[in-house]
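Engineer: My file is final-v4.cif. It has mmCIF, C-alpha atoms:
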data_target
#
loop_
_atom_site.label_atom_id
_atom_site.label_comp_id
_atom_site.auth_asym_id
_atom_site.auth_seq_id
_atom_site.Cartn_x
_atom_site.Cartn_y
_atom_site.Cartn_z
CA MET A 1 80.69 -5.98 -42.07
CA ASP A 2 77.53 -6.65 -40.09
CA HIS A 3 75.96 -3.85 -38.02
CA GLN A 4 75.60 -5.04 -34.46
CA ALA A 5 72.84 -3.72 -32.13
CA PRO A 6 74.07 -1.71 -29.17
CA ALA A 7 74.23 -3.48 -25.84
CA SER A 8 71.94 -0.84 -24.20
CA LEU A 9 69.85 2.10 -25.36
CA PRO A 10 70.56 5.67 -24.18
CA ALA A 11 68.48 6.70 -21.18
CA THR A 12 67.79 10.24 -22.45
CA ALA A 13 67.43 11.92 -25.81
CA GLY A 14 70.58 13.95 -25.18
CA GLN A 15 72.62 10.74 -24.91
CA THR A 16 71.64 9.44 -28.34
CA THR A 17 74.23 9.45 -31.14
CA ALA A 18 74.44 8.40 -34.75
CA ASP A 19 76.00 5.12 -33.60
CA ASN A 20 73.59 4.60 -30.72
CA PRO A 21 70.13 6.03 -31.71
CA TRP A 22 66.68 5.42 -30.29
CA PRO A 23 64.21 3.26 -32.17
CA LEU A 24 61.37 5.39 -33.49
CA ARG A 25 58.90 3.50 -31.33
CA LEU A 26 60.84 4.52 -28.22
CA LEU A 27 60.62 8.18 -29.15
CA SER A 28 56.89 7.79 -29.82
CA GLU A 29 56.35 6.06 -26.48
CA LYS A 30 58.28 8.74 -24.59
CA LEU A 31 56.39 11.52 -26.37
CA LYS A 32 53.11 9.83 -25.57
CA ILE A 33 54.03 9.62 -21.86
CA HIS A 34 55.15 13.26 -21.80
CA ILE A 35 52.19 14.65 -23.72
CA GLU A 36 49.52 12.66 -21.92
CA ASN A 37 50.90 13.81 -18.57
CA SER A 38 49.75 17.32 -19.49
CA PRO A 39 46.87 18.63 -17.35
CA VAL A 40 43.31 19.20 -18.50
CA VAL A 41 42.82 22.73 -19.85
CA TRP A 42 39.90 24.90 -20.98
CA VAL A 43 40.38 26.47 -24.42
CA GLU A 44 38.29 28.78 -26.59
CA GLY A 45 37.93 28.66 -30.35
CA GLN A 46 35.64 28.60 -33.32
CA LEU A 47 34.18 25.33 -34.55
CA LEU A 48 35.15 24.96 -38.22
CA GLU A 49 34.35 21.33 -39.07
CA ALA A 50 32.37 18.56 -37.39
CA ASN A 51 32.16 14.94 -38.48
CA VAL A 52 30.00 12.63 -36.37
CA ARG A 53 30.52 8.89 -36.81
CA ASN A 54 29.15 6.14 -34.57
CA GLY A 55 28.26 8.73 -31.96
CA HIS A 56 31.77 10.14 -31.84
CA ALA A 57 32.48 13.70 -33.07
CA TYR A 58 35.67 14.64 -34.86
CA ILE A 59 35.91 18.42 -35.03
CA THR A 60 38.43 21.13 -35.96
CA LEU A 61 38.77 23.95 -33.47
CA ARG A 62 40.40 27.19 -34.62
CA ASP A 63 41.70 30.17 -32.63
CA VAL A 64 39.30 33.12 -32.80
CA ASP A 65 42.02 35.69 -33.57
CA ALA A 66 44.89 33.84 -35.27
CA ASP A 67 45.44 31.12 -37.84
CA PHE A 68 45.92 28.21 -35.39
CA SER A 69 43.78 25.09 -35.41
CA PHE A 70 43.67 21.72 -33.66
CA SER A 71 41.83 18.43 -34.19
CA VAL A 72 39.51 17.59 -31.30
CA THR A 73 37.82 14.26 -30.60
CA ILE A 74 34.62 14.06 -28.58
CA TRP A 75 33.81 10.50 -27.62
CA ALA A 76 30.23 9.27 -27.70
CA SER A 77 30.07 9.13 -23.90
CA THR A 78 30.88 12.84 -23.75
CA MET A 79 28.55 13.69 -26.64
CA ARG A 80 25.63 12.19 -24.76
CA ARG A 81 26.30 14.51 -21.80
CA LEU A 82 26.36 17.69 -23.86
CA GLU A 83 23.34 19.97 -23.45
CA SER A 84 23.37 20.95 -27.14
CA THR A 85 25.02 19.74 -30.31
CA PRO A 86 27.85 22.09 -31.36
CA GLN A 87 27.16 24.03 -34.56
CA VAL A 88 29.79 24.72 -37.21
CA GLY A 89 30.88 28.38 -37.08
CA SER A 90 29.94 28.88 -33.43
CA ARG A 91 32.35 30.00 -30.73
CA VAL A 92 32.87 27.39 -28.03
CA VAL A 93 34.93 26.65 -24.94
CA ALA A 94 36.13 23.07 -24.49
CA GLN A 95 37.76 21.15 -21.68
CA VAL A 96 40.50 19.17 -23.42
CA LYS A 97 43.47 16.96 -22.72
CA PRO A 98 46.26 16.28 -25.27
CA SER A 99 46.34 12.79 -26.80
CA PHE A 100 49.18 11.30 -28.83
CA TYR A 101 48.71 8.24 -31.06
CA ALA A 102 52.15 6.66 -30.99
CA LYS A 103 51.86 4.46 -34.10
CA THR A 104 51.23 7.37 -36.49
CA GLY A 105 52.65 10.24 -34.45
CA ARG A 106 49.28 12.02 -34.54
CA LEU A 107 48.61 14.65 -31.88
CA SER A 108 45.03 15.60 -31.07
CA LEU A 109 42.87 16.80 -28.23
CA ASN A 110 40.23 14.77 -26.42
CA ALA A 111 37.34 16.90 -25.21
CA THR A 112 35.60 15.98 -21.98
CA ASP A 113 33.21 18.96 -22.14
CA LEU A 114 32.11 21.42 -24.80
CA ARG A 115 30.00 24.54 -24.27
CA PRO A 116 28.92 27.30 -26.65
CA VAL A 117 29.90 30.82 -25.66
CA GLY A 118 26.66 32.64 -24.93
CA LEU A 119 25.76 36.10 -26.19
CA GLY A 120 25.72 37.49 -22.67
CA GLU A 121 29.22 36.24 -21.98
CA LEU A 122 30.50 37.75 -25.23
CA LEU A 123 28.98 41.11 -24.32
CA VAL A 124 30.61 41.01 -20.89
CA ARG A 125 34.00 40.26 -22.47
CA LEU A 126 33.63 43.06 -24.99
CA GLU A 127 32.63 45.54 -22.30
CA ARG A 128 35.58 44.52 -20.15
CA LEU A 129 37.94 45.03 -23.11
CA ARG A 130 36.26 48.34 -23.99
CA GLN A 131 36.81 49.66 -20.45
CA ALA A 132 40.43 48.50 -20.36
CA LEU A 133 41.28 50.18 -23.68
CA GLY A 134 39.40 53.30 -22.64
CA ALA A 135 41.42 53.48 -19.43
CA GLU A 136 44.59 53.52 -21.56
CA GLY A 137 43.33 56.63 -23.36
CA LEU A 138 42.72 55.05 -26.77
CA PHE A 139 39.28 56.66 -27.02
CA SER A 140 40.24 60.14 -25.74
CA PRO A 141 38.91 63.04 -27.88
CA GLU A 142 42.33 64.71 -28.04
CA HIS A 143 43.58 61.74 -30.10
CA LYS A 144 40.83 62.13 -32.72
CA ARG A 145 42.17 63.44 -36.03
CA PRO A 146 40.00 65.78 -38.15
CA LEU A 147 38.85 64.55 -41.53
CA PRO A 148 39.95 66.54 -44.61
CA VAL A 149 37.28 68.77 -46.11
CA LEU A 150 37.85 67.30 -49.57
CA PRO A 151 40.07 64.18 -49.55
CA ASN A 152 42.40 63.60 -52.48
CA ARG A 153 41.84 59.85 -52.37
CA ILE A 154 39.85 57.62 -50.02
CA GLY A 155 40.91 54.20 -48.85
CA LEU A 156 38.04 51.71 -48.43
CA ILE A 157 38.35 48.40 -46.58
CA THR A 158 35.31 46.16 -47.03
CA GLY A 159 34.07 42.78 -48.21
CA ARG A 160 34.27 41.85 -51.85
CA ASP A 161 31.13 42.77 -53.85
CA SER A 162 29.42 43.66 -50.56
CA ASP A 163 26.45 45.99 -50.19
CA ALA A 164 28.62 48.13 -47.91
CA GLU A 165 31.15 48.68 -50.72
CA LYS A 166 28.41 49.57 -53.20
CA ASP A 167 26.71 51.96 -50.78
CA VAL A 168 29.92 53.86 -50.01
CA LEU A 169 31.04 54.12 -53.64
CA ARG A 170 27.60 55.03 -55.01
CA ASN A 171 26.67 57.65 -52.40
CA ALA A 172 30.12 59.26 -52.33
CA THR A 173 30.16 59.51 -56.15
CA LEU A 174 26.66 61.02 -56.18
CA ARG A 175 27.80 63.68 -53.75
CA TRP A 176 31.16 64.40 -55.37
CA PRO A 177 31.49 62.83 -58.86
CA SER A 178 35.30 63.22 -59.08
CA VAL A 179 35.99 61.39 -55.82
CA GLN A 180 38.68 58.69 -56.05
CA PHE A 181 38.85 55.44 -54.08
CA LYS A 182 41.41 52.77 -53.43
CA VAL A 183 39.44 49.68 -52.41
CA ILE A 184 40.95 46.69 -50.59
CA ASN A 185 38.62 43.73 -50.17
CA THR A 186 39.08 41.59 -47.06
CA ALA A 187 37.16 39.06 -45.03
CA VAL A 188 34.71 40.92 -42.78
CA GLN A 189 33.80 38.04 -40.50
CA GLY A 190 35.48 34.90 -39.24
CA VAL A 191 38.87 34.23 -37.74
CA ASP A 192 40.86 35.76 -40.63
CA ALA A 193 38.92 39.03 -40.79
CA ALA A 194 40.80 41.01 -38.13
CA ASN A 195 44.26 40.16 -39.52
CA GLN A 196 43.22 40.95 -43.08
CA VAL A 197 41.69 44.28 -42.07
CA ILE A 198 44.86 45.18 -40.11
CA ALA A 199 47.04 44.39 -43.14
CA ALA A 200 44.82 46.48 -45.43
CA LEU A 201 44.81 49.35 -42.91
CA GLN A 202 48.61 49.40 -42.72
CA GLN A 203 48.89 49.30 -46.52
CA LEU A 204 46.54 52.28 -46.96
CA ASP A 205 48.11 54.19 -44.07
CA ALA A 206 51.51 53.94 -45.78
CA ASP A 207 50.12 55.36 -49.06
CA PRO A 208 50.76 59.15 -49.14
CA GLU A 209 47.86 59.69 -51.58
CA ILE A 210 45.28 58.37 -49.09
CA ASP A 211 43.76 61.16 -46.96
CA VAL A 212 41.13 59.13 -45.09
CA ILE A 213 40.39 55.41 -44.57
CA VAL A 214 36.90 53.91 -44.28
CA ILE A 215 36.33 50.47 -42.74
CA ALA A 216 32.84 49.37 -43.78
CA ARG A 217 30.64 46.33 -43.27
CA GLY A 218 26.92 45.71 -43.39
CA GLY A 219 24.86 44.58 -40.44
CA GLY A 220 25.01 41.14 -38.87
CA ALA A 221 24.83 39.16 -35.69
CA LEU A 222 27.11 39.99 -32.77
CA GLU A 223 29.34 37.00 -33.59
CA ASP A 224 29.74 38.28 -37.16
CA LEU A 225 30.91 41.70 -35.96
CA LEU A 226 33.41 40.37 -33.40
CA PRO A 227 36.48 40.96 -35.64
CA PHE A 228 35.81 44.70 -35.38
CA SER A 229 36.21 44.50 -31.61
CA ASN A 230 39.53 42.72 -31.91
CA GLU A 231 42.16 44.34 -29.65
CA ASP A 232 44.92 44.18 -32.28
CA LEU A 233 42.71 45.94 -34.82
CA VAL A 234 41.70 48.61 -32.30
CA ARG A 235 45.34 49.34 -31.49
CA ALA A 236 46.25 49.42 -35.20
CA VAL A 237 43.57 52.05 -35.84
CA PHE A 238 44.82 54.08 -32.86
CA SER A 239 48.39 53.98 -34.22
CA ALA A 240 47.43 54.92 -37.80
CA ALA A 241 48.56 58.36 -39.01
CA THR A 242 45.63 58.64 -41.46
CA PRO A 243 42.14 59.49 -40.11
CA VAL A 244 39.93 56.38 -39.90
CA VAL A 245 36.14 56.23 -40.27
CA SER A 246 34.24 53.27 -38.79
CA ALA A 247 31.10 52.27 -40.71
CA ILE A 248 30.15 48.90 -39.25
CA GLY A 249 26.63 47.50 -39.29
CA HIS A 250 23.63 49.60 -38.34
CA GLU A 251 22.96 52.35 -35.83
CA ALA A 252 22.41 49.88 -32.97
CA ASP A 253 25.67 48.00 -33.63
CA ARG A 254 28.57 49.24 -31.52
CA PRO A 255 31.87 47.38 -32.05
CA ILE A 256 34.92 48.75 -30.20
CA LEU A 257 36.23 50.00 -33.54
CA ASP A 258 33.58 52.75 -33.32
CA ASP A 259 35.15 54.09 -30.13
CA VAL A 260 38.74 54.31 -31.38
CA ALA A 261 37.96 55.58 -34.89
CA ASP A 262 38.34 59.28 -35.61
CA LEU A 263 34.74 59.32 -36.85
CA ARG A 264 31.93 56.83 -36.25
CA ALA A 265 29.37 56.57 -39.04
CA SER A 266 26.10 54.86 -38.23
CA THR A 267 26.03 53.01 -41.58
CA PRO A 268 28.19 52.74 -44.71
CA THR A 269 25.79 55.16 -46.42
CA ASP A 270 26.27 57.63 -43.58
CA ALA A 271 30.04 57.29 -43.97
CA ALA A 272 29.81 58.25 -47.65
CA LYS A 273 27.86 61.38 -46.71
CA ARG A 274 30.40 62.44 -44.12
CA ILE A 275 33.71 61.91 -45.94
CA VAL A 276 32.96 64.10 -48.98
CA PRO A 277 30.89 67.28 -49.35
CA ASP A 278 27.79 67.44 -51.54
CA LEU A 279 28.59 69.16 -54.83
CA HIS A 280 25.08 70.64 -55.21
CA GLU A 281 25.13 71.94 -51.66
CA GLU A 282 28.54 73.49 -52.24
CA PHE A 283 27.31 75.25 -55.41
CA ALA A 284 24.23 76.45 -53.54
CA GLY A 285 26.47 77.69 -50.74
CA LEU A 286 28.65 79.51 -53.27
CA ASP A 287 25.56 81.18 -54.79
CA MET A 288 24.39 82.28 -51.34
CA ALA A 289 27.85 83.56 -50.45
CA ARG A 290 28.06 85.45 -53.75
CA SER A 291 24.65 87.04 -53.10
CA ARG A 292 25.66 88.06 -49.57
CA LEU A 293 28.91 89.50 -50.93
CA ASP A 294 27.05 91.48 -53.62
CA ARG A 295 24.66 92.90 -51.02
CA SER A 296 27.51 93.80 -48.69
CA ILE A 297 29.43 95.57 -51.47
CA ASN A 298 26.32 97.48 -52.61
CA ASN A 299 25.53 98.55 -49.04
CA LEU A 300 29.11 99.67 -48.56
CA LEU A 301 29.07 101.69 -51.79
CA GLN A 302 25.79 103.35 -50.82
CA ARG A 303 27.09 104.28 -47.37
CA GLU A 304 30.30 105.70 -48.82
CA ALA A 305 28.37 107.66 -51.47
CA GLN A 306 26.11 109.16 -48.77
CA MET A 307 29.13 110.04 -46.66
CA LEU A 308 30.84 111.68 -49.65
CA ALA A 309 27.73 113.74 -50.43
CA SER A 310 27.55 114.80 -46.78
CA VAL A 311 31.17 115.91 -46.87
CA ARG A 312 30.63 117.90 -50.06
CA GLU A 313 27.74 119.77 -48.44
CA ARG A 314 29.89 121.06 -45.59
CA PRO A 315 30.72 124.83 -45.74
CA VAL A 316 34.43 124.24 -45.97
CA LEU A 317 33.95 122.41 -49.28
CA ALA A 318 30.95 124.41 -50.50
CA ASN A 319 32.93 127.71 -50.14
CA PRO A 320 36.62 126.80 -49.77
CA GLN A 321 37.85 130.48 -49.87
CA VAL A 322 36.17 131.04 -46.51
CA MET A 323 38.74 128.80 -44.91
CA VAL A 324 41.58 130.84 -46.48
CA SER A 325 40.12 134.28 -45.64
CA SER A 326 39.32 133.29 -42.07
CA ARG A 327 42.85 132.03 -41.62
CA ALA A 328 44.21 135.32 -43.14
CA GLU A 329 42.23 137.33 -40.60
CA ASP A 330 43.56 135.12 -37.83
CA LEU A 331 47.07 135.65 -39.15
CA GLU A 332 46.71 139.45 -39.17
CA ARG A 333 45.27 139.41 -35.69
CA TRP A 334 48.15 137.32 -34.35
CA LYS A 335 50.63 139.50 -36.23
CA GLN A 336 49.26 142.68 -34.64
CA ARG A 337 49.18 141.08 -31.23
CA SER A 338 52.79 139.96 -31.64
CA THR A 339 53.84 143.49 -32.66
CA ASP A 340 52.08 145.03 -29.67
CA LEU A 341 53.61 142.52 -27.29
CA LEU A 342 57.08 143.11 -28.73
CA ARG A 343 56.69 146.94 -28.49
CA HIS A 344 55.50 146.67 -24.91
CA ARG A 345 58.43 144.43 -24.08
CA VAL A 346 60.93 146.88 -25.64
CA MET A 347 59.45 149.76 -23.65
CA ARG A 348 59.71 147.84 -20.44
CA ALA A 349 63.32 146.92 -21.22
CA SER A 350 64.13 150.61 -21.95
CA ASP A 351 62.67 151.66 -18.60
CA GLU A 352 64.71 149.00 -16.86
CA ILE A 353 67.90 150.27 -18.56
CA ASN A 354 67.21 153.86 -17.49
CA HIS A 355 66.55 152.75 -13.97
CA LEU A 356 69.85 150.87 -13.88
CA LYS A 357 71.70 153.89 -15.33
CA ASN A 358 70.31 156.09 -12.59
CA GLN A 359 71.35 153.55 -9.98
CA MET A 360 74.85 153.45 -11.40
CA ARG A 361 75.06 157.23 -11.48
CA ALA A 362 73.92 157.51 -7.92
CA LEU A 363 76.70 155.18 -6.86
CA SER A 364 79.44 156.66 -9.09
CA PRO A 365 82.36 158.71 -7.52
CA GLN A 366 81.44 161.64 -9.75
CA GLN A 367 78.16 162.07 -7.97
CA THR A 368 80.04 162.18 -4.68
CA LEU A 369 82.37 164.84 -6.06
CA ASP A 370 79.42 166.83 -7.37
CA ARG A 371 78.11 167.07 -3.82
CA GLY A 372 81.35 168.86 -2.70
CA TYR A 373 83.57 166.03 -1.77
CA SER A 374 87.09 165.53 -3.09
CA VAL A 375 89.61 162.72 -3.50
CA THR A 376 93.24 163.28 -2.33
CA GLN A 377 96.05 161.22 -3.84
CA LEU A 378 99.80 161.01 -3.27
CA GLU A 379 102.37 161.22 -6.04
CA ASP A 380 102.26 157.47 -6.47
CA GLY A 381 98.50 157.62 -7.10
CA SER A 382 97.47 156.06 -3.80
CA ILE A 383 94.43 157.60 -2.11
CA VAL A 384 94.97 159.33 1.19
CA ARG A 385 92.65 157.93 3.81
CA GLU A 386 94.59 158.87 6.95
CA ALA A 387 96.53 162.04 7.84
CA THR A 388 99.61 160.09 8.67
CA GLN A 389 99.89 159.04 5.02
CA ALA A 390 100.83 162.64 4.07
CA PRO A 391 103.43 164.05 6.43
CA ALA A 392 104.61 167.72 6.10
CA ASP A 393 105.90 168.81 2.70
CA SER A 394 104.09 165.90 0.97
CA LYS A 395 102.91 166.72 -2.50
CA LEU A 396 99.14 166.11 -2.87
CA PHE A 397 96.84 165.89 -5.86
CA ILE A 398 93.26 166.80 -4.96
CA ARG A 399 90.42 165.81 -7.39
CA VAL A 400 87.26 167.90 -7.11
CA ALA A 401 83.98 167.85 -9.08
CA SER A 402 85.57 169.73 -11.91
CA GLY A 403 89.35 169.71 -12.21
CA GLN A 404 92.28 168.93 -9.90
CA LEU A 405 94.37 170.84 -7.33
CA VAL A 406 98.05 170.35 -6.51
CA ALA A 407 99.03 171.17 -2.94
CA LYS A 408 101.70 170.53 -0.32
CA THR A 409 101.14 169.43 3.24
CA LEU A 410 102.00 172.04 5.85
CA GLU A 411 101.26 169.82 8.82
CA SER A 412 99.94 166.27 9.32
CA VAL A 413 97.49 166.06 12.28
CA PRO A 414 96.40 162.54 13.32
CA ALA A 415 92.81 161.88 14.17
CA GLY A 416 91.82 163.05 17.66
CA GLU A 417 94.44 165.88 17.81
CA HIS A 418 94.17 169.62 17.01
CA ALA A 419 96.29 171.59 14.59
CA ASN A 420 98.61 174.33 15.93
#
What does this structure look like when you write it as structure tokens?

Structural biologist:
Amino acid sequence: MDHQAPASLPATAGQTTADNPWPLRLLSEKLKIHIENSPVVWVEGQLLEANVRNGHAYITLRDVDADFSFSVTIWASTMRRLESTPQVGSRVVAQVKPSFYAKTGRLSLNATDLRPVGLGELLVRLERLRQALGAEGLFSPEHKRPLPVLPNRIGLITGRDSDAEKDVLRNATLRWPSVQFKVINTAVQGVDAANQVIAALQQLDADPEIDVIVIARGGGALEDLLPFSNEDLVRAVFSAATPVVSAIGHEADRPILDDVADLRASTPTDAAKRIVPDLHEEFAGLDMARSRLDRSINNLLQREAQMLASVRERPVLANPQVMVSSRAEDLERWKQRSTDLLRHRVMRASDEINHLKNQMRALSPQQTLDRGYSVTQLEDGSIVREATQAPADSKLFIRVASGQLVAKTLESVPAGEHAN
């Protein structure tokens, strides 16, 4: 059965089917129209390859921070307008427009202008990034972690067989021969450097045996040190739980990594001197401490011996019985004084008793009777206070000072009247 061509092609890609597809050329033509309608744009990248033929330049432009690249064509007419020929490895900005070659499906960029990024512009960008990260608090002193006095194991991120690696290992070993390192070699310049250093940093930070991490590189041009001012790397160092030492370039070099690191070493050699103590200095310090301790102990013993001799020379220790005899005399004196005070108190109490006895006697009924008075009572024992209590023929009992009289009333005379 013969396959017959469709009467009409679908207007849009969404209307195509297995029975009614687009010809490949139609897709290519539509892609070309869509892509080449894109506006002109300025992009930044690093120039990796350049091939000049017949005045035209065919270059590869790569992102400065990630593994993305694009083919760029610079036509001869544009090349003649450029102020300088682009150099491989340099950072450039280019004004480009996408171009699609329909026959082969090849996508590229056509550059209408190409300019190298100047040193001054790079410095301005770095300073702007430095200020922005500083405003977020990434460089604040309170976030700096202290380095261990003697790390168990040191992580080192540096270039393979680099002078920086040799300097750190040699100087650290000279200072502390038993020091241990875990070295991860990475690119230290170029577009892959920042990502490789970040990966190595995360690997070492996850290792529980690593107590401190050193990122080291020798000196170089500003463009060579740009990976160590990469924002992603700076944030990775800030987020690391392990203390990080930055040892990039020379004293004058100042990548942003220096600001976020917990310690900034001026050179890789300086980093080695600051991450481990010097064994000879530690032994010398121990000798000095031992000497100071010996002197302190000897001085203390001498002072205590002098104090003990002084105590022994005191009278209480030279003649101990004096203390006992003097206390015996004091005891006798207090004993006699207590006896005298007690005797005096007894005498005073006796006088007080006699005085009270005399008072009681003076107030007693007997004393009244002794003065000639008497007490008259009826038969029932009641005391006669009024004459009317004892009418005639009443029997009376009269108590006198000595003895008692029994009488009978002849006549009862009330008060104020006279007897007959």

Engineer: Of the candidates A:Leu396, A:Leu24, A:Ala111, A:Val197, which one gets nearest to Val183 (chain A) if we count all atoms listed in the file?

Structural biologist: A:Val197

Engineer: Measuring between all atoms listed in the file, which one of A:Ala261, A:Ser38, A:Phe100, A:Lys32 shows the shortest distance to Arg145 (chain A)?

Structural biologist: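 For Arg145 (chain A), the nearest of the candidates is A:Ala261.
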
Engineer: What's the 10 Å shell around Pro365 (chain A), counting all atoms listed in the file, without same-chain residues fewer than 5 positions away, as a ChimeraX atom specification?

Structural biologist: /A:360,370,373-375,401

Engineer: Separation of CA of Val234 (chain A) and CA of Leu263 (chain A), in Å?

Structural biologist: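 Spanning CA of Val234 (chain A) to CA of Leu263 (chain A) is a straight-line distance of 13.6 Å.
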
Engineer: Would you compute the distance between CA of Leu48 (chain A) and CA of Ser108 (chain A)? Give it in Å to one decimal.

Structural biologist: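 According to the coordinates, CA of Leu48 (chain A) and CA of Ser108 (chain A) are separated by 15.4 Å.
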
Engineer: Nearest residue to Leu47 (chain A) out of A:Ser162, A:Gln95, A:Thr186, A:Ser90, using all atoms listed in the file?

Structural biologist: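 Using all atoms listed in the file, the shortest distance to Leu47 (chain A) belongs to A:Ser90.
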
Engineer: Please complete region 138-159 of chain A so it has N, CA and C atoms, and hand it over as a JSON list (two decimals), in the coordinates of the input.

Structural biologist:
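Heads up, here's the output in result_20.json:
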[["chain", "number", "residue", "atom", "x", "y", "z"],
["A", 138, "LEU", "N", 42.85, 55.25, -25.33],
["A", 138, "LEU", "CA", 42.72, 55.05, -26.77],
["A", 138, "LEU", "C", 41.49, 55.73, -27.35],
["A", 139, "PHE", "N", 40.51, 56.05, -26.50],
["A", 139, "PHE", "CA", 39.28, 56.66, -27.02],
["A", 139, "PHE", "C", 39.21, 58.15, -26.71],
["A", 140, "SER", "N", 40.27, 58.74, -26.18],
["A", 140, "SER", "CA", 40.24, 60.14, -25.74],
["A", 140, "SER", "C", 40.02, 61.07, -26.93],
["A", 141, "PRO", "N", 39.19, 62.11, -26.76],
["A", 141, "PRO", "CA", 38.91, 63.04, -27.88],
["A", 141, "PRO", "C", 40.15, 63.74, -28.41],
["A", 142, "GLU", "N", 41.15, 63.99, -27.54],
["A", 142, "GLU", "CA", 42.33, 64.71, -28.04],
["A", 142, "GLU", "C", 43.13, 63.89, -29.05],
["A", 143, "HIS", "N", 42.88, 62.58, -29.12],
["A", 143, "HIS", "CA", 43.58, 61.74, -30.10],
["A", 143, "HIS", "C", 42.82, 61.65, -31.43],
["A", 144, "LYS", "N", 41.62, 62.21, -31.48],
["A", 144, "LYS", "CA", 40.83, 62.13, -32.72],
["A", 144, "LYS", "C", 41.39, 63.10, -33.76],
["A", 145, "ARG", "N", 41.64, 62.60, -34.96],
["A", 145, "ARG", "CA", 42.17, 63.44, -36.03],
["A", 145, "ARG", "C", 41.04, 63.96, -36.90],
["A", 146, "PRO", "N", 41.07, 65.23, -37.30],
["A", 146, "PRO", "CA", 40.00, 65.78, -38.15],
["A", 146, "PRO", "C", 40.07, 65.21, -39.55],
["A", 147, "LEU", "N", 38.91, 65.03, -40.15],
["A", 147, "LEU", "CA", 38.85, 64.55, -41.53],
["A", 147, "LEU", "C", 39.11, 65.71, -42.48],
["A", 148, "PRO", "N", 39.76, 65.46, -43.63],
["A", 148, "PRO", "CA", 39.95, 66.54, -44.61],
["A", 148, "PRO", "C", 38.62, 66.97, -45.20],
["A", 149, "VAL", "N", 38.52, 68.26, -45.53],
["A", 149, "VAL", "CA", 37.28, 68.77, -46.11],
["A", 149, "VAL", "C", 36.99, 68.09, -47.44],
["A", 150, "LEU", "N", 38.01, 67.97, -48.27],
["A", 150, "LEU", "CA", 37.85, 67.30, -49.57],
["A", 150, "LEU", "C", 39.06, 66.38, -49.76],
["A", 151, "PRO", "N", 38.92, 65.09, -49.45],
["A", 151, "PRO", "CA", 40.07, 64.18, -49.55],
["A", 151, "PRO", "C", 40.51, 63.98, -50.98],
["A", 152, "ASN", "N", 41.83, 63.86, -51.15],
["A", 152, "ASN", "CA", 42.40, 63.60, -52.48],
["A", 152, "ASN", "C", 42.02, 62.20, -52.96],
["A", 153, "ARG", "N", 42.19, 61.23, -52.05],
["A", 153, "ARG", "CA", 41.84, 59.85, -52.37],
["A", 153, "ARG", "C", 41.41, 59.15, -51.09],
["A", 154, "ILE", "N", 40.42, 58.28, -51.19],
["A", 154, "ILE", "CA", 39.85, 57.62, -50.02],
["A", 154, "ILE", "C", 40.18, 56.14, -50.07],
["A", 155, "GLY", "N", 40.69, 55.63, -48.96],
["A", 155, "GLY", "CA", 40.91, 54.20, -48.85],
["A", 155, "GLY", "C", 39.68, 53.52, -48.27],
["A", 156, "LEU", "N", 39.24, 52.43, -48.88],
["A", 156, "LEU", "CA", 38.04, 51.71, -48.43],
["A", 156, "LEU", "C", 38.39, 50.25, -48.18],
["A", 157, "ILE", "N", 38.14, 49.81, -46.95],
["A", 157, "ILE", "CA", 38.35, 48.40, -46.58],
["A", 157, "ILE", "C", 36.98, 47.78, -46.34],
["A", 158, "THR", "N", 36.64, 46.76, -47.14],
["A", 158, "THR", "CA", 35.31, 46.16, -47.03],
["A", 158, "THR", "C", 35.31, 44.80, -47.70],
["A", 159, "GLY", "N", 34.19, 44.09, -47.59],
["A", 159, "GLY", "CA", 34.07, 42.78, -48.21],
["A", 159, "GLY", "C", 33.91, 42.88, -49.72]]
